[in-house]
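The structure file final-v6.cif is reproduced below (mmCIF, N, CA and C atoms).
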data_input
loop_
_atom_site.label_atom_id
_atom_site.label_comp_id
_atom_site.auth_asym_id
_atom_site.auth_seq_id
_atom_site.Cartn_x
_atom_site.Cartn_y
_atom_site.Cartn_z
N VAL A 1 -15.29 -21.51 -0.60
CA VAL A 1 -14.22 -22.48 -0.72
C VAL A 1 -14.09 -23.27 0.58
N GLU A 2 -14.11 -22.55 1.70
CA GLU A 2 -13.99 -23.24 2.98
C GLU A 2 -15.13 -24.22 3.19
N ASN A 3 -16.34 -23.81 2.83
CA ASN A 3 -17.49 -24.71 2.97
C ASN A 3 -17.34 -25.94 2.08
N ASP A 4 -16.85 -25.75 0.86
CA ASP A 4 -16.63 -26.89 -0.03
C ASP A 4 -15.66 -27.89 0.59
N PHE A 5 -14.60 -27.40 1.20
CA PHE A 5 -13.63 -28.31 1.80
C PHE A 5 -14.18 -28.97 3.06
N ARG A 6 -14.98 -28.24 3.82
CA ARG A 6 -15.61 -28.84 5.01
C ARG A 6 -16.58 -29.96 4.64
N THR A 7 -17.31 -29.76 3.54
CA THR A 7 -18.30 -30.76 3.11
C THR A 7 -17.71 -31.76 2.11
N ARG A 8 -16.42 -31.64 1.86
CA ARG A 8 -15.69 -32.52 0.92
C ARG A 8 -16.24 -32.45 -0.50
N ASN A 9 -16.76 -31.30 -0.88
CA ASN A 9 -17.24 -31.06 -2.23
C ASN A 9 -16.11 -30.38 -3.02
N VAL A 10 -15.03 -31.10 -3.23
CA VAL A 10 -13.84 -30.50 -3.83
C VAL A 10 -13.64 -30.88 -5.29
N ASP A 11 -14.66 -31.43 -5.92
CA ASP A 11 -14.55 -31.80 -7.33
C ASP A 11 -14.36 -30.60 -8.25
N PHE A 12 -14.73 -29.39 -7.78
CA PHE A 12 -14.58 -28.18 -8.59
C PHE A 12 -13.12 -27.76 -8.73
N TYR A 13 -12.24 -28.22 -7.86
CA TYR A 13 -10.88 -27.69 -7.75
C TYR A 13 -9.84 -28.72 -8.16
N THR A 14 -8.73 -28.23 -8.69
CA THR A 14 -7.59 -29.09 -8.99
C THR A 14 -6.40 -28.59 -8.19
N ILE A 15 -5.48 -29.48 -7.89
CA ILE A 15 -4.24 -29.09 -7.22
C ILE A 15 -3.49 -28.15 -8.17
N GLY A 16 -3.00 -27.06 -7.65
CA GLY A 16 -2.32 -26.06 -8.47
C GLY A 16 -3.18 -24.83 -8.63
N ASP A 17 -3.04 -24.16 -9.75
CA ASP A 17 -3.73 -22.90 -10.00
C ASP A 17 -5.06 -23.12 -10.71
N ASN A 18 -6.09 -22.43 -10.23
CA ASN A 18 -7.42 -22.42 -10.83
C ASN A 18 -7.74 -20.97 -11.15
N TYR A 19 -8.09 -20.68 -12.41
CA TYR A 19 -8.32 -19.30 -12.85
C TYR A 19 -9.78 -19.07 -13.22
N LEU A 20 -10.29 -17.92 -12.82
CA LEU A 20 -11.62 -17.47 -13.20
C LEU A 20 -11.46 -16.11 -13.86
N VAL A 21 -12.16 -15.90 -14.98
CA VAL A 21 -12.15 -14.60 -15.66
C VAL A 21 -13.59 -14.23 -15.98
N ILE A 22 -13.98 -13.02 -15.58
CA ILE A 22 -15.30 -12.49 -15.87
C ILE A 22 -15.14 -11.19 -16.65
N GLN A 23 -15.80 -11.11 -17.79
CA GLN A 23 -15.81 -9.89 -18.60
C GLN A 23 -17.05 -9.09 -18.24
N PHE A 24 -16.91 -7.76 -18.21
CA PHE A 24 -18.06 -6.91 -17.96
C PHE A 24 -17.84 -5.55 -18.61
N SER A 25 -18.91 -4.79 -18.71
CA SER A 25 -18.84 -3.44 -19.27
C SER A 25 -18.97 -2.44 -18.14
N VAL A 26 -18.30 -1.33 -18.31
CA VAL A 26 -18.47 -0.19 -17.40
C VAL A 26 -19.21 0.87 -18.20
N ASN A 27 -20.31 1.38 -17.65
CA ASN A 27 -21.09 2.38 -18.38
C ASN A 27 -20.59 3.80 -18.06
N GLU A 28 -21.25 4.78 -18.65
CA GLU A 28 -20.84 6.18 -18.50
C GLU A 28 -20.95 6.69 -17.07
N GLU A 29 -21.68 5.99 -16.23
CA GLU A 29 -21.81 6.39 -14.83
C GLU A 29 -20.80 5.69 -13.92
N GLY A 30 -19.94 4.84 -14.49
CA GLY A 30 -18.95 4.13 -13.71
C GLY A 30 -19.48 2.87 -13.05
N LYS A 31 -20.62 2.37 -13.50
CA LYS A 31 -21.23 1.15 -12.95
C LYS A 31 -20.90 -0.05 -13.83
N ALA A 32 -20.66 -1.19 -13.20
CA ALA A 32 -20.40 -2.43 -13.92
C ALA A 32 -21.72 -3.07 -14.34
N VAL A 33 -21.81 -3.46 -15.62
CA VAL A 33 -23.01 -4.08 -16.17
C VAL A 33 -22.61 -5.18 -17.17
N HIS A 34 -23.57 -6.02 -17.55
CA HIS A 34 -23.39 -7.03 -18.61
C HIS A 34 -22.21 -7.95 -18.34
N PHE A 35 -22.33 -8.79 -17.35
CA PHE A 35 -21.28 -9.72 -16.95
C PHE A 35 -21.34 -11.00 -17.79
N ASP A 36 -20.15 -11.58 -18.02
CA ASP A 36 -20.07 -12.84 -18.76
C ASP A 36 -18.86 -13.62 -18.26
N LEU A 37 -19.07 -14.86 -17.83
CA LEU A 37 -17.98 -15.73 -17.42
C LEU A 37 -17.28 -16.23 -18.67
N VAL A 38 -16.01 -15.90 -18.83
CA VAL A 38 -15.29 -16.29 -20.04
C VAL A 38 -14.28 -17.41 -19.80
N SER A 39 -14.09 -17.81 -18.58
CA SER A 39 -13.21 -18.94 -18.28
C SER A 39 -14.04 -20.21 -18.18
N PRO A 40 -13.42 -21.36 -18.43
CA PRO A 40 -14.19 -22.61 -18.33
C PRO A 40 -14.42 -23.06 -16.90
N TRP A 41 -13.82 -22.39 -15.94
CA TRP A 41 -13.91 -22.75 -14.53
C TRP A 41 -14.43 -21.56 -13.74
N GLY A 42 -15.18 -21.81 -12.68
CA GLY A 42 -15.56 -20.74 -11.78
C GLY A 42 -17.04 -20.47 -11.64
N ASN A 43 -17.90 -21.31 -12.20
CA ASN A 43 -19.34 -21.09 -12.08
C ASN A 43 -19.80 -20.93 -10.64
N GLN A 44 -19.16 -21.63 -9.72
CA GLN A 44 -19.59 -21.60 -8.33
C GLN A 44 -19.35 -20.23 -7.67
N PHE A 45 -18.52 -19.39 -8.27
CA PHE A 45 -18.22 -18.07 -7.72
C PHE A 45 -18.87 -16.92 -8.47
N TYR A 46 -19.43 -17.21 -9.65
CA TYR A 46 -19.91 -16.16 -10.56
C TYR A 46 -20.90 -15.21 -9.89
N PHE A 47 -21.96 -15.71 -9.31
CA PHE A 47 -23.00 -14.84 -8.75
C PHE A 47 -22.47 -13.98 -7.62
N ALA A 48 -21.69 -14.55 -6.71
CA ALA A 48 -21.15 -13.78 -5.58
C ALA A 48 -20.22 -12.68 -6.05
N ILE A 49 -19.38 -12.99 -7.02
CA ILE A 49 -18.43 -11.98 -7.51
C ILE A 49 -19.14 -10.87 -8.27
N THR A 50 -20.04 -11.23 -9.18
CA THR A 50 -20.71 -10.19 -9.96
C THR A 50 -21.59 -9.31 -9.07
N THR A 51 -22.22 -9.90 -8.07
CA THR A 51 -23.02 -9.10 -7.14
C THR A 51 -22.14 -8.13 -6.36
N ALA A 52 -21.00 -8.60 -5.89
CA ALA A 52 -20.08 -7.72 -5.15
C ALA A 52 -19.57 -6.59 -6.03
N ILE A 53 -19.20 -6.90 -7.27
CA ILE A 53 -18.71 -5.85 -8.18
C ILE A 53 -19.82 -4.83 -8.44
N GLN A 54 -21.02 -5.29 -8.72
CA GLN A 54 -22.14 -4.38 -8.99
C GLN A 54 -22.43 -3.47 -7.80
N ASN A 55 -22.37 -4.01 -6.59
CA ASN A 55 -22.76 -3.25 -5.41
C ASN A 55 -21.63 -2.45 -4.77
N GLN A 56 -20.39 -2.84 -4.99
CA GLN A 56 -19.29 -2.22 -4.25
C GLN A 56 -18.28 -1.45 -5.10
N ALA A 57 -18.07 -1.86 -6.34
CA ALA A 57 -17.02 -1.26 -7.15
C ALA A 57 -17.49 0.02 -7.84
N ILE A 58 -16.62 1.01 -7.85
CA ILE A 58 -16.87 2.26 -8.57
C ILE A 58 -15.70 2.45 -9.53
N PHE A 59 -16.01 2.62 -10.79
CA PHE A 59 -14.99 2.77 -11.82
C PHE A 59 -15.03 4.18 -12.39
N PRO A 60 -13.97 4.60 -13.07
CA PRO A 60 -14.00 5.90 -13.75
C PRO A 60 -15.18 5.96 -14.71
N LYS A 61 -15.75 7.13 -14.86
CA LYS A 61 -16.96 7.30 -15.68
C LYS A 61 -16.62 7.36 -17.16
N VAL A 62 -16.10 6.22 -17.64
CA VAL A 62 -15.73 6.06 -19.04
C VAL A 62 -16.23 4.70 -19.49
N ALA A 63 -17.05 4.66 -20.54
CA ALA A 63 -17.58 3.39 -21.03
C ALA A 63 -16.44 2.56 -21.61
N ARG A 64 -16.34 1.29 -21.16
CA ARG A 64 -15.29 0.40 -21.65
C ARG A 64 -15.58 -1.03 -21.20
N THR A 65 -14.82 -1.95 -21.75
CA THR A 65 -14.89 -3.35 -21.36
C THR A 65 -13.75 -3.63 -20.38
N MET A 66 -14.07 -4.36 -19.31
CA MET A 66 -13.05 -4.71 -18.31
C MET A 66 -13.16 -6.19 -17.98
N TYR A 67 -12.15 -6.67 -17.25
CA TYR A 67 -12.10 -8.07 -16.85
C TYR A 67 -11.74 -8.16 -15.37
N PHE A 68 -12.37 -9.14 -14.70
CA PHE A 68 -12.03 -9.48 -13.33
C PHE A 68 -11.33 -10.84 -13.38
N HIS A 69 -10.16 -10.94 -12.75
CA HIS A 69 -9.37 -12.17 -12.73
C HIS A 69 -9.25 -12.64 -11.29
N LEU A 70 -9.48 -13.92 -11.08
CA LEU A 70 -9.29 -14.55 -9.77
C LEU A 70 -8.43 -15.78 -9.97
N LYS A 71 -7.40 -15.90 -9.14
CA LYS A 71 -6.58 -17.10 -9.14
C LYS A 71 -6.66 -17.74 -7.77
N LEU A 72 -7.09 -19.00 -7.72
CA LEU A 72 -7.05 -19.78 -6.49
C LEU A 72 -5.96 -20.83 -6.64
N HIS A 73 -5.06 -20.89 -5.67
CA HIS A 73 -3.98 -21.87 -5.69
C HIS A 73 -4.18 -22.87 -4.57
N PHE A 74 -4.22 -24.14 -4.93
CA PHE A 74 -4.39 -25.22 -3.96
C PHE A 74 -3.14 -26.08 -3.95
N PRO A 75 -2.31 -25.95 -2.90
CA PRO A 75 -1.11 -26.78 -2.83
C PRO A 75 -1.40 -28.22 -2.39
N GLY A 76 -2.60 -28.48 -1.93
CA GLY A 76 -2.98 -29.79 -1.42
C GLY A 76 -3.50 -29.65 -0.01
N GLY A 77 -4.23 -30.64 0.46
CA GLY A 77 -4.83 -30.53 1.78
C GLY A 77 -5.95 -29.52 1.76
N SER A 78 -6.17 -28.85 2.89
CA SER A 78 -7.26 -27.89 2.98
C SER A 78 -6.77 -26.45 2.92
N MET A 79 -5.55 -26.23 2.52
CA MET A 79 -4.99 -24.88 2.42
C MET A 79 -5.22 -24.34 1.00
N TYR A 80 -5.38 -23.02 0.90
CA TYR A 80 -5.45 -22.39 -0.41
C TYR A 80 -5.00 -20.95 -0.30
N GLN A 81 -4.63 -20.39 -1.44
CA GLN A 81 -4.25 -18.98 -1.53
C GLN A 81 -5.03 -18.39 -2.69
N TYR A 82 -5.27 -17.10 -2.65
CA TYR A 82 -5.96 -16.47 -3.76
C TYR A 82 -5.40 -15.08 -4.02
N SER A 83 -5.59 -14.63 -5.25
CA SER A 83 -5.30 -13.24 -5.61
C SER A 83 -6.29 -12.86 -6.70
N PHE A 84 -6.54 -11.55 -6.83
CA PHE A 84 -7.46 -11.09 -7.85
C PHE A 84 -7.00 -9.75 -8.38
N ALA A 85 -7.50 -9.41 -9.57
CA ALA A 85 -7.14 -8.14 -10.20
C ALA A 85 -8.21 -7.77 -11.22
N PHE A 86 -8.32 -6.48 -11.49
CA PHE A 86 -9.11 -5.96 -12.60
C PHE A 86 -8.14 -5.56 -13.70
N SER A 87 -8.56 -5.73 -14.97
CA SER A 87 -7.69 -5.32 -16.07
C SER A 87 -8.53 -4.96 -17.28
N ASP A 88 -7.84 -4.44 -18.29
CA ASP A 88 -8.47 -4.12 -19.57
C ASP A 88 -8.26 -5.24 -20.59
N SER A 89 -7.66 -6.35 -20.16
CA SER A 89 -7.34 -7.44 -21.07
C SER A 89 -7.82 -8.77 -20.52
N ARG A 90 -8.22 -9.65 -21.43
CA ARG A 90 -8.63 -10.99 -21.02
C ARG A 90 -7.43 -11.84 -20.56
N ALA A 91 -6.24 -11.47 -21.00
CA ALA A 91 -5.03 -12.22 -20.64
C ALA A 91 -4.79 -12.14 -19.14
N THR A 92 -4.23 -13.18 -18.58
CA THR A 92 -3.94 -13.23 -17.16
C THR A 92 -2.92 -12.14 -16.81
N PRO A 93 -3.22 -11.31 -15.82
CA PRO A 93 -2.29 -10.24 -15.44
C PRO A 93 -0.93 -10.78 -14.99
N SER A 94 0.11 -10.04 -15.24
CA SER A 94 1.47 -10.50 -14.91
C SER A 94 1.70 -10.62 -13.41
N GLN A 95 0.96 -9.89 -12.56
CA GLN A 95 1.19 -9.95 -11.12
C GLN A 95 0.76 -11.28 -10.52
N PHE A 96 0.06 -12.12 -11.30
CA PHE A 96 -0.33 -13.44 -10.80
C PHE A 96 0.88 -14.32 -10.87
#

File written out as structure tokens:
Amino acid sequence: VENDFRTRNVDFYTIGDNYLVIQFSVNEEGKAVHFDLVSPWGNQFYFAITTAIQNQAIFPKVARTMYFHLKLHFPGGSMYQYSFAFSDSRATPSQF
């Protein structure tokens, strides 16, 4: 994000809230597999996020479908805020 703003490549972002949702499966070993971007926004973050989840996240050893949610908020200028969460639902978590 910072690089995009430094290079003025800000066409990906809108003022206000920008949401990214990635669906994935957790296998019996607790590893994240089979990622799919389900939001219409966020292609520029997909590879970095899925790689981080695959390499760093450990989940309970129960096969299931999960979702990663990212919210980027741009009030204007070069400032931004973000929050993220994992959930069992595609719906935006209430803590956002």

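Atom N of Ile53 (chain A) is found 12.6 Å from atom C of Phe84 (chain A).
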
Legend entry - Residues within 8 Å of (-11.5, -21.8, -15.2), file coords, only N, CA and C atoms, listed as a list of chain:residue names: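 The residues near that point, listed by chain and number, are A:Asp17, A:Asn18, A:Tyr19, A:Leu20, A:Val21, A:Val38, A:Ser39, A:Pro40, A:Trp41, A:Gly42, A:Asn43.
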
Legend entry - Result set of the PyMOL selection byres ((chain A and resi 66) around 6.5) on the coordinates above, as a list in words: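 On this input, the PyMOL selection byres ((chain A and resi 66) around 6.5) captures Ile22, Gln23, Phe24, Ser25, Val26, Arg64, Thr65, Tyr67, Phe68, Ser87, Asp88 and Ser89 of chain A.
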
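Atom N of His34 (chain A) is positioned 16.4 Å from atom N of Phe86 (chain A).
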
Inset, instruction - Find the residue from A:Phe12, A:Phe59, A:Phe5, A:Phe96 that sits nearest to Ser83 (chain A); use all atoms listed in the file when measuring. - result: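 Of all the options, A:Phe96 lies closest to Ser83 (chain A).
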
Inset, instruction - State, in Å with one decimal place, the distance from CA of Gln56 (chain A) to CA of Val33 (chain A). - result: 12.6 Å

Legend entry - DSSP-assigned alpha helix (DSSP H) among region 17-95 of chain A, expressed as number ranges by chain: A: 43-56

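Every protein or nucleic acid residue with an atom no more than 7 Å from Val62 (chain A), counting all atoms listed in the file and leaving out same-chain residues fewer than 6 positions away, appears here: Val26, Asn27, Glu28, Glu29 and Gly30 of chain A.
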
Legend entry - Given only C-alpha atoms as the counted atoms, nearest of A:Val10, A:Ala91, A:Ala63, A:Ile49 to Gly77 (chain A): A:Val10

Legend entry - Nearest residue to Thr92 (chain A) from the set A:Leu70, A:Ala52, A:Ile15, A:Leu37 (distances using only C-alpha atoms): A:Leu70
